Amino acid sequence: MHTLLPFSLIIITVIILLNMLATKLKIAYPILLIIGGLLIGFIPGLPNISIKPDMIFFVFLPPLLFFSAGAASIKEMRKWWRMIGSFAFPVVFITALTVALVANYFIPGFSISLGFLLGGIVSPPDAVSTAAITKFVKIPKVFTTVLEGESLVNDASSLIIFRFAMLAVGTGQFIWQDAIAGFLWMVIGGTSIGLLLGWIFIQMHRNLPTDAPTDIVFILIEPYAMYWIAEQVHCSGVLAVVAGGLYMTNKWLTFLNSTSRLRAVSVWESFIFLLNGVVFFIIGLTLPDIVKGLRSEGILLGTAISYSLLITIVLIVTRVICCYVAQLGTFIFRRKLLPPKIPRRAYLVPLVLGWTGMRGVVSLAAALSIPIMYNGIAFPHRNLILFITFVVIFLTLVVQGLTLPYFITRSKAFDIRVLTDSSEEEQDEKIKTGLRKEVYEFLKHKYNNGHLQDNAIFQKMMQHWEENEKADNDDWMSEETRYVYIESLEAQRKYLSELNKDPSISEELIRKQLYLLDLQEERLKLG
């Protein structure tokens, strides 16, 4: 304990420093974290950090998925649900099937079941890695929405494949009827449990006498509760967390006050950063032990590397081909992503999207969750599966991650006008103009004909909104005027909620304005 605690604190410090370095170098922090973990892992005499396989999912996945669901835009996902669905389910299954066939043919002793197990592990791209990399380059909102939505759903679909493959490896048989029934139960049951628990948690926040600290603690507990309850009835805990997270985020304004929302954002961002950092660091730290396991099984390191390179190439090529098929389907059925007269460089878009398939947290969690012993015997090829997973994560993060920004910029694939919506600047101006008009009309119709009309302070407030001038401070406000001001903030929130129904308005900009309203309310409370 006295050795492990200082080592853990050092690791956290290194994670923070590497993140600072990544920001300075303008590269994605998972790349430096995995390299840092790899280098530190080979230092002799370090304490052994290990997590039980049956705990890896429960410790890391629920909060990471819940946070990703909270950051996603339901409106944008609904708008592009066909593309998201095609990437999340068919692409994951096709990728897993391709990996299974290739592994079965080229890797001695690898059955189809083991191949599907490996395919389920390495098929889902990692949202954290993609988001960290694409923040340094500008791509159209539709593609970031598709990538975010894909990552939320493909985690569930890949882990469902992983679970059924694990069962087939253990029993030696695969019954299609039972598999289809089990799949439907996992999807429908998991989604239903997530929505039900999300509703229950919202009622708890509304009706219990909570404050900001208790709200935040409740929110930290809720994804774990969703995941655990769903898993207890053999549903998909991943889908439960995603469905519950999306539902609660959509109701965010109705059950948390401005103080809880602002503080929750800070706490969650720090918590998720730490979890992501630890996970990517573990990827590097675990390699030396995996290599030892390969040697004990008589597998040469060069042979294992060649298998890993083969699987990595298969993953990249399969994803690129699927992206081109998806684009072809879009041209045939929807013709929404690109204009009728398609520029030549538009055909590079699927290639770039295919290059975004970096692997990460979910793949590592799935691989580490493979038990050492299964049904009383050693799990077949566990160390080789772990090694292949590590190399796939490492190569896709380092090679694709480092080249993706250059690839996007050089190819100019996203310079074309892929959306017919107004620009973000126009949308932002529309939102601000609407807010100014909304709050002025609210104050004029509700209070201008009452006893406040002769109040000099109230007239200042009216002038503030009418002339769009910012008041020097809020100290001059009386309690009554302060109440009116807070009411006006609520009116603006209602306006933004209605405006968010407009498909041409970016939800990201709506959330930005809601955040600014929360800051204004907190400023009033402190004043």
# chains A, B, ... in the order shown; residues from 1 in each chain; ligands from 1
>>> residues_around(residues="region 55-69 of chain A", least_positions_apart="2", cutoff="7 Å", atoms="only C-alpha atoms", output="PyMOL selection string")
chain A and resi 51-53+71-72+152+223-224+227+241-242+245-246+272+275+365+368-369
>>> write_last_selection(atoms="N, CA, C and O atoms", output="JSON list (two decimals), in the first residue's frame")
[["chain", "number", "residue", "atom", "x", "y", "z"],
["A", 51, "ILE", "N", -6.10, -4.79, -12.48],
["A", 51, "ILE", "CA", -7.53, -4.68, -12.19],
["A", 51, "ILE", "C", -8.16, -6.02, -12.53],
["A", 51, "ILE", "O", -7.87, -6.61, -13.57],
["A", 52, "LYS", "N", -9.01, -6.52, -11.66],
["A", 52, "LYS", "CA", -9.66, -7.79, -11.90],
["A", 52, "LYS", "C", -10.46, -7.73, -13.19],
["A", 52, "LYS", "O", -11.16, -6.74, -13.45],
["A", 53, "PRO", "N", -10.37, -8.77, -14.04],
["A", 53, "PRO", "CA", -11.08, -8.74, -15.32],
["A", 53, "PRO", "C", -12.57, -8.46, -15.20],
["A", 53, "PRO", "O", -13.14, -7.75, -16.02],
["A", 71, "ALA", "N", -22.73, 14.65, -23.72],
["A", 71, "ALA", "CA", -22.14, 15.61, -24.65],
["A", 71, "ALA", "C", -22.75, 15.52, -26.04],
["A", 71, "ALA", "O", -22.58, 16.43, -26.86],
["A", 72, "ALA", "N", -23.46, 14.43, -26.33],
["A", 72, "ALA", "CA", -24.04, 14.24, -27.66],
["A", 72, "ALA", "C", -25.31, 15.07, -27.83],
["A", 72, "ALA", "O", -26.00, 15.40, -26.87],
["A", 152, "LEU", "N", -21.33, 5.98, -29.59],
["A", 152, "LEU", "CA", -22.24, 5.65, -28.50],
["A", 152, "LEU", "C", -22.92, 4.30, -28.73],
["A", 152, "LEU", "O", -23.08, 3.51, -27.80],
["A", 223, "PRO", "N", -24.83, 6.47, -13.40],
["A", 223, "PRO", "CA", -24.42, 5.55, -14.49],
["A", 223, "PRO", "C", -24.01, 4.17, -13.99],
["A", 223, "PRO", "O", -24.28, 3.17, -14.66],
["A", 224, "TYR", "N", -23.39, 4.11, -12.81],
["A", 224, "TYR", "CA", -23.03, 2.81, -12.25],
["A", 224, "TYR", "C", -24.29, 2.01, -11.91],
["A", 224, "TYR", "O", -24.34, 0.79, -12.14],
["A", 227, "TYR", "N", -25.89, 0.69, -15.18],
["A", 227, "TYR", "CA", -25.11, -0.42, -15.74],
["A", 227, "TYR", "C", -25.30, -1.70, -14.91],
["A", 227, "TYR", "O", -25.56, -2.78, -15.46],
["A", 241, "VAL", "N", -26.86, 2.65, -19.97],
["A", 241, "VAL", "CA", -26.18, 3.90, -19.62],
["A", 241, "VAL", "C", -26.35, 4.94, -20.73],
["A", 241, "VAL", "O", -26.62, 6.12, -20.47],
["A", 242, "VAL", "N", -26.21, 4.50, -21.99],
["A", 242, "VAL", "CA", -26.34, 5.44, -23.11],
["A", 242, "VAL", "C", -27.77, 5.99, -23.19],
["A", 242, "VAL", "O", -27.97, 7.21, -23.31],
["A", 245, "GLY", "N", -28.43, 8.20, -20.14],
["A", 245, "GLY", "CA", -27.67, 9.45, -20.25],
["A", 245, "GLY", "C", -28.27, 10.41, -21.25],
["A", 245, "GLY", "O", -28.38, 11.61, -20.99],
["A", 246, "LEU", "N", -28.69, 9.90, -22.40],
["A", 246, "LEU", "CA", -29.32, 10.76, -23.41],
["A", 246, "LEU", "C", -30.63, 11.34, -22.89],
["A", 246, "LEU", "O", -30.94, 12.52, -23.10],
["A", 272, "ILE", "N", -13.72, 12.61, -15.79],
["A", 272, "ILE", "CA", -13.59, 11.87, -17.05],
["A", 272, "ILE", "C", -12.17, 11.96, -17.60],
["A", 272, "ILE", "O", -11.63, 10.98, -18.13],
["A", 275, "LEU", "N", -10.15, 9.44, -15.64],
["A", 275, "LEU", "CA", -10.45, 8.07, -16.04],
["A", 275, "LEU", "C", -9.82, 7.74, -17.40],
["A", 275, "LEU", "O", -9.20, 6.68, -17.57],
["A", 365, "ALA", "N", -10.92, -2.35, -22.39],
["A", 365, "ALA", "CA", -11.76, -2.89, -21.32],
["A", 365, "ALA", "C", -12.26, -4.29, -21.67],
["A", 365, "ALA", "O", -12.28, -5.19, -20.82],
["A", 368, "LEU", "N", -9.26, -6.83, -21.47],
["A", 368, "LEU", "CA", -8.84, -7.11, -20.11],
["A", 368, "LEU", "C", -9.90, -7.86, -19.31],
["A", 368, "LEU", "O", -9.60, -8.46, -18.27],
["A", 369, "SER", "N", -11.15, -7.82, -19.78],
["A", 369, "SER", "CA", -12.23, -8.51, -19.07],
["A", 369, "SER", "C", -12.26, -10.01, -19.37],
["A", 369, "SER", "O", -13.03, -10.75, -18.75]]
>>> residues_around(residues="Leu301 (chain A)", least_positions_apart="2", cutoff="12 Å", atoms="only C-alpha atoms", output="list in words")
Leu287, Pro288, Ile290, Val291, Lys292, Gly293, Leu294, Arg295, Ser296, Glu297, Gly298, Ile299, Thr303, Ala304, Ile305, Ser306, Tyr307, Ser308, Asn383, Leu384, Phe387, Ile388 and Val391 of chain A
>>> write_last_selection(atoms="C-alpha atoms", output="short mmCIF file (atom, residue, chain, number, x, y, z; two decimals), in the first residue's frame")
data_model
loop_
_atom_site.label_atom_id
_atom_site.label_comp_id
_atom_site.auth_asym_id
_atom_site.auth_seq_id
_atom_site.Cartn_x
_atom_site.Cartn_y
_atom_site.Cartn_z
CA LEU A 287 2.33 -4.62 -22.42
CA PRO A 288 5.34 -6.09 -20.57
CA ILE A 290 1.39 -9.52 -22.00
CA VAL A 291 4.75 -10.14 -23.68
CA LYS A 292 5.76 -12.44 -20.81
CA GLY A 293 2.51 -14.36 -21.27
CA LEU A 294 3.23 -14.83 -24.98
CA ARG A 295 6.68 -16.24 -24.22
CA SER A 296 5.23 -18.67 -21.70
CA GLU A 297 2.89 -19.98 -24.42
CA GLY A 298 5.78 -20.39 -26.87
CA ILE A 299 4.59 -17.64 -29.26
CA THR A 303 4.93 -13.78 -34.99
CA ALA A 304 2.54 -11.99 -32.64
CA ILE A 305 3.46 -8.63 -34.18
CA SER A 306 2.79 -9.96 -37.69
CA TYR A 307 -0.68 -11.17 -36.61
CA SER A 308 -1.37 -7.79 -35.03
CA ASN A 383 -2.40 -13.34 -24.09
CA LEU A 384 -2.32 -13.29 -27.89
CA PHE A 387 -1.33 -8.41 -27.44
CA ILE A 388 -3.20 -7.99 -30.74
CA VAL A 391 -0.96 -3.30 -30.98
#
>>> residues_around(residues="Asn276 (chain A)", least_positions_apart="6", cutoff="12 Å", atoms="only C-alpha atoms", output="ChimeraX atom specification")
/A:12,15-16,19,29-31,33-34,59-61,63-65,67-68,126-129,132,268-270,282-283,360-362,364-365
>>> write_last_selection(atoms="N, CA, C and O atoms", output="compact mmCIF listing (two decimals), in the first residue's frame")
# COMPACT_ATOMS: atom_id res chain seq x y z
N ILE A 12 -0.61 9.84 -11.91
CA ILE A 12 -1.59 10.91 -12.15
C ILE A 12 -0.86 12.20 -12.53
O ILE A 12 -1.28 12.92 -13.44
N ILE A 15 0.31 11.91 -16.06
CA ILE A 15 -0.83 12.06 -16.97
C ILE A 15 -1.13 13.54 -17.21
O ILE A 15 -1.34 13.97 -18.35
N ILE A 16 -1.13 14.32 -16.13
CA ILE A 16 -1.41 15.76 -16.26
C ILE A 16 -0.33 16.45 -17.08
O ILE A 16 -0.62 17.28 -17.97
N ASN A 19 -0.64 15.60 -20.73
CA ASN A 19 -1.75 16.33 -21.33
C ASN A 19 -1.35 17.76 -21.66
O ASN A 19 -1.71 18.30 -22.72
N TYR A 29 -4.06 13.94 -26.72
CA TYR A 29 -3.38 13.47 -25.51
C TYR A 29 -3.36 11.94 -25.37
O TYR A 29 -2.42 11.41 -24.76
N PRO A 30 -4.35 11.17 -25.90
CA PRO A 30 -4.22 9.70 -25.77
C PRO A 30 -2.95 9.15 -26.41
O PRO A 30 -2.43 8.12 -25.96
N ILE A 31 -2.47 9.82 -27.46
CA ILE A 31 -1.25 9.33 -28.13
C ILE A 31 -0.06 9.40 -27.18
O ILE A 31 0.69 8.42 -27.02
N LEU A 33 -0.18 9.61 -23.91
CA LEU A 33 -0.44 8.79 -22.73
C LEU A 33 -0.07 7.32 -22.97
O LEU A 33 0.54 6.67 -22.12
N ILE A 34 -0.45 6.81 -24.13
CA ILE A 34 -0.16 5.40 -24.41
C ILE A 34 1.35 5.19 -24.60
O ILE A 34 1.90 4.19 -24.16
N VAL A 59 -15.82 -0.46 -13.62
CA VAL A 59 -15.08 0.68 -13.09
C VAL A 59 -15.02 1.84 -14.09
O VAL A 59 -15.25 3.00 -13.74
N PHE A 60 -14.74 1.53 -15.36
CA PHE A 60 -14.44 2.58 -16.32
C PHE A 60 -15.59 2.93 -17.27
O PHE A 60 -15.81 4.11 -17.57
N LEU A 61 -16.29 1.93 -17.78
CA LEU A 61 -17.23 2.20 -18.87
C LEU A 61 -18.44 3.05 -18.49
O LEU A 61 -18.77 3.98 -19.24
N PRO A 63 -19.22 5.64 -16.35
CA PRO A 63 -19.09 7.09 -16.38
C PRO A 63 -18.63 7.63 -17.73
O PRO A 63 -19.07 8.70 -18.16
N LEU A 64 -17.74 6.89 -18.43
CA LEU A 64 -17.27 7.35 -19.73
C LEU A 64 -18.41 7.42 -20.74
O LEU A 64 -18.54 8.38 -21.50
N LEU A 65 -19.25 6.39 -20.75
CA LEU A 65 -20.39 6.35 -21.67
C LEU A 65 -21.44 7.40 -21.30
O LEU A 65 -22.02 8.05 -22.16
N PHE A 67 -20.97 10.26 -19.77
CA PHE A 67 -20.46 11.58 -20.14
C PHE A 67 -20.55 11.80 -21.64
O PHE A 67 -20.93 12.89 -22.11
N SER A 68 -20.20 10.77 -22.43
CA SER A 68 -20.30 10.88 -23.88
C SER A 68 -21.75 11.10 -24.32
O SER A 68 -22.02 11.89 -25.23
N ASP A 126 -12.92 4.49 -31.07
CA ASP A 126 -12.97 5.16 -29.78
C ASP A 126 -13.34 6.63 -29.95
O ASP A 126 -12.64 7.38 -30.65
N ALA A 127 -14.42 7.04 -29.28
CA ALA A 127 -14.90 8.43 -29.40
C ALA A 127 -13.92 9.40 -28.76
O ALA A 127 -13.72 10.52 -29.26
N VAL A 128 -13.32 9.01 -27.64
CA VAL A 128 -12.40 9.91 -26.94
C VAL A 128 -11.22 10.26 -27.82
O VAL A 128 -10.83 11.43 -27.95
N SER A 129 -10.63 9.26 -28.45
CA SER A 129 -9.47 9.49 -29.31
C SER A 129 -9.84 10.36 -30.50
O SER A 129 -9.12 11.32 -30.84
N ALA A 132 -10.46 13.96 -29.41
CA ALA A 132 -9.22 14.63 -29.03
C ALA A 132 -8.39 15.02 -30.24
O ALA A 132 -7.67 16.02 -30.22
N TRP A 268 -17.36 16.73 -13.60
CA TRP A 268 -17.38 15.63 -14.57
C TRP A 268 -16.23 15.72 -15.55
O TRP A 268 -15.64 14.70 -15.92
N GLU A 269 -15.90 16.92 -15.99
CA GLU A 269 -14.79 17.05 -16.93
C GLU A 269 -13.48 16.58 -16.30
O GLU A 269 -12.67 15.90 -16.94
N SER A 270 -13.26 16.92 -15.03
CA SER A 270 -12.04 16.49 -14.34
C SER A 270 -12.05 14.98 -14.12
O SER A 270 -11.03 14.30 -14.33
N ILE A 282 -2.85 2.62 -18.73
CA ILE A 282 -2.87 1.18 -18.46
C ILE A 282 -2.54 0.39 -19.73
O ILE A 282 -1.89 -0.66 -19.68
N ILE A 283 -2.99 0.92 -20.88
CA ILE A 283 -2.70 0.24 -22.15
C ILE A 283 -1.19 0.05 -22.30
O ILE A 283 -0.70 -1.02 -22.67
N GLY A 360 -9.57 2.29 -28.68
CA GLY A 360 -9.15 2.81 -27.39
C GLY A 360 -9.79 2.13 -26.20
O GLY A 360 -9.65 0.92 -26.00
N VAL A 361 -10.53 2.91 -25.41
CA VAL A 361 -10.99 2.50 -24.08
C VAL A 361 -11.82 1.23 -24.10
O VAL A 361 -11.57 0.29 -23.34
N VAL A 362 -12.84 1.17 -24.97
CA VAL A 362 -13.75 0.02 -24.97
C VAL A 362 -13.01 -1.26 -25.37
O VAL A 362 -13.23 -2.32 -24.78
N LEU A 364 -9.82 -1.92 -24.97
CA LEU A 364 -8.97 -2.33 -23.85
C LEU A 364 -9.79 -2.98 -22.75
O LEU A 364 -9.42 -4.03 -22.21
N ALA A 365 -10.92 -2.35 -22.39
CA ALA A 365 -11.76 -2.89 -21.32
C ALA A 365 -12.26 -4.29 -21.67
O ALA A 365 -12.28 -5.19 -20.82
>>> residues_around(residues="region 100-116 of chain A", least_positions_apart="6", cutoff="12 Å", atoms="only C-alpha atoms", output="PyMOL selection string")
chain A and resi 92-94+122-123+158-174+299+303-315+318+370+379-382+384-385+388
>>> residues_around(residues="region 516-519 of chain A", least_positions_apart="3", cutoff="8 Å", atoms="only C-alpha atoms", output="list in words")
Ser258, Thr259, Arg261, Leu262, Leu489, Arg493, Lys512, Gln513, Glu522 and Arg523 of chain A
>>> write_last_selection(atoms="C-alpha atoms", output="JSON list (two decimals), in the first residue's frame")
[["chain", "number", "residue", "atom", "x", "y", "z"],
["A", 258, "SER", "CA", -27.83, 26.70, -12.42],
["A", 259, "THR", "CA", -25.44, 26.07, -9.50],
["A", 261, "ARG", "CA", -25.26, 22.44, -13.63],
["A", 262, "LEU", "CA", -22.18, 24.64, -13.53],
["A", 489, "LEU", "CA", -33.29, 34.44, -17.48],
["A", 493, "ARG", "CA", -34.08, 29.46, -21.31],
["A", 512, "LYS", "CA", -23.28, 27.68, -25.08],
["A", 513, "GLN", "CA", -25.97, 30.33, -24.52],
["A", 522, "GLU", "CA", -24.74, 32.63, -10.45],
["A", 523, "ARG", "CA", -23.32, 36.13, -10.65]]
>>> closest_residue(among="A:Asp155, A:Thr481, A:Val142, A:Thr389", to="Gly284 (chain A)", atoms="only C-alpha atoms")
A:Thr389
>>> select_by_dssp(residues="region 76-260 of chain A", states="helix (DSSP H, G or I)", output="PyMOL selection string")
chain A and resi 76-79+81-88+90-106+112-122+127-134+141-171+176-207+212-232+237-250+252-255+258-260
>>> residues_around(residues="Ile188 (chain A)", least_positions_apart="5", cutoff="12 Å", atoms="only C-alpha atoms", output="PDB file with N, CA and C atoms, in the first residue's frame")
ATOM      1  N   ALA A 181     -32.819 -14.147 -29.880  1.00  0.00           N
ATOM      2  CA  ALA A 181     -33.689 -13.784 -28.755  1.00  0.00           C
ATOM      3  C   ALA A 181     -32.901 -13.043 -27.680  1.00  0.00           C
ATOM      4  N   GLY A 182     -31.692 -13.534 -27.405  1.00  0.00           N
ATOM      5  CA  GLY A 182     -30.853 -12.865 -26.412  1.00  0.00           C
ATOM      6  C   GLY A 182     -30.452 -11.469 -26.851  1.00  0.00           C
ATOM      7  N   PHE A 183     -30.158 -11.321 -28.163  1.00  0.00           N
ATOM      8  CA  PHE A 183     -29.788 -10.003 -28.687  1.00  0.00           C
ATOM      9  C   PHE A 183     -30.932  -9.003 -28.519  1.00  0.00           C
ATOM     10  N   ILE A 193     -34.548  -0.226 -19.494  1.00  0.00           N
ATOM     11  CA  ILE A 193     -34.077  -0.031 -18.121  1.00  0.00           C
ATOM     12  C   ILE A 193     -33.371   1.321 -17.981  1.00  0.00           C
ATOM     13  N   GLY A 194     -32.576   1.686 -18.975  1.00  0.00           N
ATOM     14  CA  GLY A 194     -31.903   2.982 -18.929  1.00  0.00           C
ATOM     15  C   GLY A 194     -32.881   4.143 -18.894  1.00  0.00           C
ATOM     16  N   LEU A 195     -33.920   4.075 -19.741  1.00  0.00           N
ATOM     17  CA  LEU A 195     -34.921   5.148 -19.772  1.00  0.00           C
ATOM     18  C   LEU A 195     -35.714   5.200 -18.463  1.00  0.00           C
ATOM     19  N   ALA A 230     -28.951  -3.272 -15.132  1.00  0.00           N
ATOM     20  CA  ALA A 230     -29.183  -3.889 -16.444  1.00  0.00           C
ATOM     21  C   ALA A 230     -28.418  -5.208 -16.564  1.00  0.00           C
ATOM     22  N   HIS A 234     -29.290  -9.501 -17.216  1.00  0.00           N
ATOM     23  CA  HIS A 234     -28.692  -9.979 -18.474  1.00  0.00           C
ATOM     24  C   HIS A 234     -29.088  -9.124 -19.673  1.00  0.00           C
ATOM     25  N   CYS A 235     -29.231  -7.820 -19.434  1.00  0.00           N
ATOM     26  CA  CYS A 235     -29.424  -6.868 -20.536  1.00  0.00           C
ATOM     27  C   CYS A 235     -28.091  -6.180 -20.824  1.00  0.00           C
ATOM     28  N   SER A 236     -28.100  -5.289 -21.791  1.00  0.00           N
ATOM     29  CA  SER A 236     -26.892  -4.541 -22.120  1.00  0.00           C
ATOM     30  C   SER A 236     -26.750  -3.350 -21.173  1.00  0.00           C
ATOM     31  N   GLY A 237     -25.770  -3.432 -20.272  1.00  0.00           N
ATOM     32  CA  GLY A 237     -25.512  -2.308 -19.387  1.00  0.00           C
ATOM     33  C   GLY A 237     -25.046  -1.080 -20.140  1.00  0.00           C
ATOM     34  N   LEU A 239     -25.999  -0.130 -23.227  1.00  0.00           N
ATOM     35  CA  LEU A 239     -27.169   0.550 -23.786  1.00  0.00           C
ATOM     36  C   LEU A 239     -27.992   1.222 -22.705  1.00  0.00           C
ATOM     37  N   ALA A 240     -28.062   0.633 -21.530  1.00  0.00           N
ATOM     38  CA  ALA A 240     -28.796   1.253 -20.429  1.00  0.00           C
ATOM     39  C   ALA A 240     -28.183   2.601 -20.063  1.00  0.00           C
ATOM     40  N   ALA A 243     -28.779   5.106 -23.100  1.00  0.00           N
ATOM     41  CA  ALA A 243     -30.164   5.555 -23.185  1.00  0.00           C
ATOM     42  C   ALA A 243     -30.515   6.459 -22.009  1.00  0.00           C
TER      43      ALA A 243
END
>>> closest_residue(among="A:Leu509, A:Leu300, A:Val267, A:Val317", to="Ile216 (chain A)", atoms="only C-alpha atoms")
A:Val267
>>> closest_residue(among="A:Arg482, A:Asp502, A:Leu285, A:Ser192", to="Leu39 (chain A)", atoms="only C-alpha atoms")
A:Leu285
>>> atom_distance(atom1="CA of Val238 (chain A)", atom2="CA of Thr356 (chain A)")
22.2 Å
>>> closest_residue(among="A:Gln232, A:Val146, A:Tyr495, A:Ile27", to="Ala326 (chain A)", atoms="only C-alpha atoms")
A:Val146
